Structure formats: C-alpha cells, structure tokens
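Notes to accompany the following structure.
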Amino acid sequence: MKLGAFSVSLAVKDIHKSKAFYEKLGFTAFAGEIEKNYLIMKNGNALVGLFQGMFDKNILTFNPGWDESANKLEDFTDVRDIQKHIKSHQIPLITEADESSSGPASFVILDPDGNPVLIDQHV
C-alpha cells in the first residue's frame with residue numbers, strides 16, 4: 001500500500017509568525033495562499049502545512065497519487081483501496097470517501113492517541 005506524499009498540517013495561531021519561523025529553518029512557501037490563511041512550506045522532501053483557523057488539531061496528512069512536489073505518480077494506491085484496507089482492520093473512520101466514486105477523495109481516521117490522520121487524494 002502506497003500512501004503518497006507525507007506532510008504535517010499544523011493548526012497555527014498566526015500564519016505570518018509561523019511562516020517566518022519555518023523560513024528561518026530553511027522552508028520556502030511551496031503552495032497555498034497566505035491571504036486565505038493556508039500555506040504549504042517545503043524544505044527538500046519535508047512538507048509542513050500551515051493552516052490558520054481551519055481546524056483545531058495538527059493533522060498527519062498523506063496524499064496518494066502525489067510525490068513531495070505535487071507531481072502525479074503513475075503507480076499509487078487509490079484512496080478508496082486504502083480505505084477498504086483500513087476498514088478490514090476495524091479502524092473506525094471519522095469521515096469516509098465514497099467508494100463508488102473515482103478521482104479526488106479523502107477520509108480521516110484517528111491514531112490511538114487521538115491524532116487525526118488525513119488520507120487526501122487530489123488526482
């Protein structure tokens with residue numbers, strides 16, 4: 001099973017301060033719009049999403065079908081197949097992808113400590 005690009009999505013209080021902090025660590029803005037309160041910061045293969053006012057907790061994010069530069073992968077495990085695998089292991093879903101659909105879709109699970117894990121396919 002291939003989960004795709006990994007990033008941590010941070011629920012930040014002040015996106016401008018967070019952007020400046022991660023820039024000091026060598027990250028640069030890769031995607032997003034600061035005016036809409038979200039940015040994806042990149043340093044090599046490391047991705048950190050900054051999201052102000054969009055959710056309450058930090059989220060572990062996987063993007064099936066993408067590499068760390070948001071390039072489409074030819075070979076990847078579809079989000080619906082990942083979801084079926086998760087269900088087969090009796091892991092409860094917080095949100096669910098429509099398994100009769102194709103293309104972009106997502107679902108959310110919680111790890112044993114209550115951390116949200118988002119599987120978010122954009123292709």
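A note on labels: chains of the structure tokens are A, B, ... as shown, every chain counts residues from 1, and ligands are counted from 1 in their shown order.
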Counting only C-alpha atoms, which residues of segment 15-60 of chain A fall within 10 Å of segment 109-115 of chain A, and what is the closest atom pair for each with its distance in Å at one decimal, ordered by chain and rising number, as CSV?
```
residue,atom,partner,partner_atom,distance
A:Lys57,CA,A:Asn115,CA,7.7
A:Asn58,CA,A:Asn115,CA,7.4
A:Ile59,CA,A:Asn115,CA,6.6
A:Leu60,CA,A:Asn115,CA,7.6
```
Write to file, as a compact mmCIF listing (two decimals), in the first residue's frame, the residues of the selection just made, with N, CA and C atoms.
```
# COMPACT_ATOMS: atom_id res chain seq x y z
N LYS A 57 -6.83 20.73 15.57
CA LYS A 57 -5.65 19.93 15.91
C LYS A 57 -4.70 19.85 14.73
N ASN A 58 -3.45 19.52 15.03
CA ASN A 58 -2.50 19.20 13.98
C ASN A 58 -2.92 17.88 13.35
N ILE A 59 -2.63 17.71 12.06
CA ILE A 59 -3.07 16.54 11.32
C ILE A 59 -1.89 15.95 10.55
N LEU A 60 -1.76 14.63 10.60
CA LEU A 60 -0.82 13.92 9.75
C LEU A 60 -1.53 13.72 8.41
```
Please list as a tab-separated table (two decimals) with N, CA, C and O atoms, in the first residue's frame every residue within 10 Å of Leu118 of chain A, counting only C-alpha atoms and excluding residues in the same chain fewer than 4 positions away.
```tsv
chain	number	residue	atom	x	y	z
A	7	SER	N	2.93	14.91	4.84
A	7	SER	CA	3.16	16.23	5.42
A	7	SER	C	2.47	16.29	6.78
A	7	SER	O	1.59	15.48	7.06
A	8	VAL	N	2.89	17.24	7.56
A	8	VAL	CA	2.18	17.52	8.80
A	8	VAL	C	1.44	18.84	8.57
A	8	VAL	O	2.00	19.79	8.02
A	9	SER	N	0.16	18.85	8.90
A	9	SER	CA	-0.66	20.04	8.74
A	9	SER	C	-0.86	20.64	10.13
A	9	SER	O	-1.45	20.01	11.00
A	59	ILE	N	-2.63	17.71	12.06
A	59	ILE	CA	-3.07	16.54	11.32
A	59	ILE	C	-1.89	15.95	10.55
A	59	ILE	O	-1.13	16.68	9.91
A	60	LEU	N	-1.76	14.63	10.60
A	60	LEU	CA	-0.82	13.92	9.75
A	60	LEU	C	-1.53	13.72	8.41
A	60	LEU	O	-2.66	13.22	8.37
A	61	THR	N	-0.89	14.11	7.31
A	61	THR	CA	-1.55	14.07	6.01
A	61	THR	C	-0.74	13.22	5.03
A	61	THR	O	0.48	13.36	4.95
A	62	PHE	N	-1.44	12.37	4.29
A	62	PHE	CA	-0.85	11.58	3.21
A	62	PHE	C	-1.64	11.88	1.94
A	62	PHE	O	-2.87	11.98	1.98
A	63	ASN	N	-0.92	12.03	0.82
A	63	ASN	CA	-1.55	12.33	-0.46
A	63	ASN	C	-1.27	11.23	-1.48
A	63	ASN	O	-0.28	11.30	-2.22
A	94	ILE	N	-13.55	8.51	10.71
A	94	ILE	CA	-14.17	9.75	11.17
A	94	ILE	C	-14.95	10.37	10.02
A	94	ILE	O	-16.08	10.82	10.19
A	95	THR	N	-14.33	10.42	8.85
A	95	THR	CA	-15.02	10.78	7.61
A	95	THR	C	-14.68	9.69	6.61
A	95	THR	O	-13.70	8.96	6.77
A	106	SER	N	-11.19	11.76	-0.01
A	106	SER	CA	-10.39	11.73	1.22
A	106	SER	C	-11.18	11.04	2.33
A	106	SER	O	-12.40	10.89	2.24
A	107	PHE	N	-10.45	10.65	3.36
A	107	PHE	CA	-11.07	10.16	4.58
A	107	PHE	C	-10.15	10.47	5.75
A	107	PHE	O	-8.97	10.77	5.56
A	108	VAL	N	-10.70	10.42	6.97
A	108	VAL	CA	-9.95	10.73	8.18
A	108	VAL	C	-10.13	9.59	9.17
A	108	VAL	O	-11.25	9.08	9.34
A	109	ILE	N	-9.02	9.22	9.81
A	109	ILE	CA	-9.04	8.27	10.93
A	109	ILE	C	-8.29	8.93	12.09
A	109	ILE	O	-7.65	9.97	11.90
A	110	LEU	N	-8.38	8.34	13.26
A	110	LEU	CA	-7.62	8.81	14.42
A	110	LEU	C	-6.63	7.72	14.82
A	110	LEU	O	-6.98	6.54	14.83
```
>> When you look at Val48 of chain A with a cut-off of 12 Å (counting only C-alpha atoms), what residues show up, excluding the ones that are within fewer than 4 positions of it in the same chain? I need them as an MDAnalysis selection string.
In response: chainID A and resid 5:12 18:19 21:23 25:32 38:44 58:62 68
>> Could you go through chain A and tell me which residues DSSP, when run on the backbone, assigns to strand (DSSP E or B), listing them as a ChimeraX atom specification?
In response: /A:5-12,28-33,38-43,46-52,59-63,66,72,93-95,105-110,116-121
Would you give me, as a tab-separated table (two decimals) with all heavy atoms, in the first residue's frame, the residues in segment 17-76 of chain A that DSSP reads as alpha helix (DSSP H)?
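What follows is the written file states_22.tsv:
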```tsv
chain	number	residue	atom	x	y	z
A	17	LYS	N	3.57	34.71	11.58
A	17	LYS	CA	4.64	34.33	12.50
A	17	LYS	C	5.14	32.92	12.20
A	17	LYS	O	6.34	32.66	12.23
A	17	LYS	CB	4.17	34.41	13.96
A	17	LYS	CG	4.03	35.81	14.48
A	17	LYS	CD	3.61	35.80	15.95
A	17	LYS	CE	3.43	37.20	16.48
A	17	LYS	NZ	2.97	37.20	17.88
A	18	SER	N	4.23	32.01	11.91
A	18	SER	CA	4.62	30.63	11.61
A	18	SER	C	5.42	30.56	10.32
A	18	SER	O	6.43	29.86	10.23
A	18	SER	CB	3.39	29.73	11.51
A	18	SER	OG	2.75	29.64	12.76
A	19	LYS	N	5.00	31.31	9.31
A	19	LYS	CA	5.74	31.36	8.03
A	19	LYS	C	7.15	31.85	8.27
A	19	LYS	O	8.13	31.25	7.81
A	19	LYS	CB	5.02	32.26	7.04
A	19	LYS	CG	5.75	32.42	5.71
A	19	LYS	CD	4.97	33.35	4.77
A	19	LYS	CE	5.62	33.47	3.42
A	19	LYS	NZ	6.69	34.47	3.38
A	20	ALA	N	7.29	32.93	9.02
A	20	ALA	CA	8.62	33.49	9.31
A	20	ALA	C	9.48	32.48	10.07
A	20	ALA	O	10.67	32.33	9.79
A	20	ALA	CB	8.48	34.78	10.10
A	21	PHE	N	8.89	31.77	11.03
A	21	PHE	CA	9.62	30.77	11.80
A	21	PHE	C	10.14	29.65	10.89
A	21	PHE	O	11.33	29.31	10.92
A	21	PHE	CB	8.72	30.17	12.88
A	21	PHE	CG	9.35	29.03	13.62
A	21	PHE	CD1	10.23	29.28	14.67
A	21	PHE	CD2	9.09	27.72	13.26
A	21	PHE	CE1	10.82	28.21	15.36
A	21	PHE	CE2	9.68	26.66	13.93
A	21	PHE	CZ	10.55	26.91	14.98
A	22	TYR	N	9.28	29.10	10.06
A	22	TYR	CA	9.71	27.99	9.20
A	22	TYR	C	10.67	28.45	8.11
A	22	TYR	O	11.55	27.68	7.69
A	22	TYR	CB	8.50	27.22	8.65
A	22	TYR	CG	7.94	26.33	9.72
A	22	TYR	CD1	6.85	26.73	10.49
A	22	TYR	CD2	8.54	25.11	10.02
A	22	TYR	CE1	6.37	25.93	11.50
A	22	TYR	CE2	8.07	24.31	11.04
A	22	TYR	CZ	6.98	24.71	11.78
A	22	TYR	OH	6.52	23.92	12.80
A	23	GLU	N	10.58	29.70	7.69
A	23	GLU	CA	11.57	30.24	6.74
A	23	GLU	C	12.95	30.27	7.38
A	23	GLU	O	13.96	29.99	6.72
A	23	GLU	CB	11.16	31.63	6.26
A	23	GLU	CG	10.02	31.59	5.27
A	23	GLU	CD	9.50	32.96	4.88
A	23	GLU	OE1	9.68	33.94	5.65
A	23	GLU	OE2	8.89	33.05	3.81
A	24	LYS	N	13.02	30.56	8.68
A	24	LYS	CA	14.31	30.56	9.38
A	24	LYS	C	14.90	29.15	9.45
A	24	LYS	O	16.11	28.99	9.61
A	24	LYS	CB	14.16	31.14	10.79
A	24	LYS	CG	13.86	32.63	10.78
A	24	LYS	CD	13.56	33.15	12.16
A	24	LYS	CE	13.12	34.61	12.07
A	24	LYS	NZ	12.64	35.12	13.36
```
> What separation in Å, quoted to one decimal, exists between atom CA of Leu93 of chain A and atom CA of Asn71 of chain A?
Replying inline: 27.5 Å
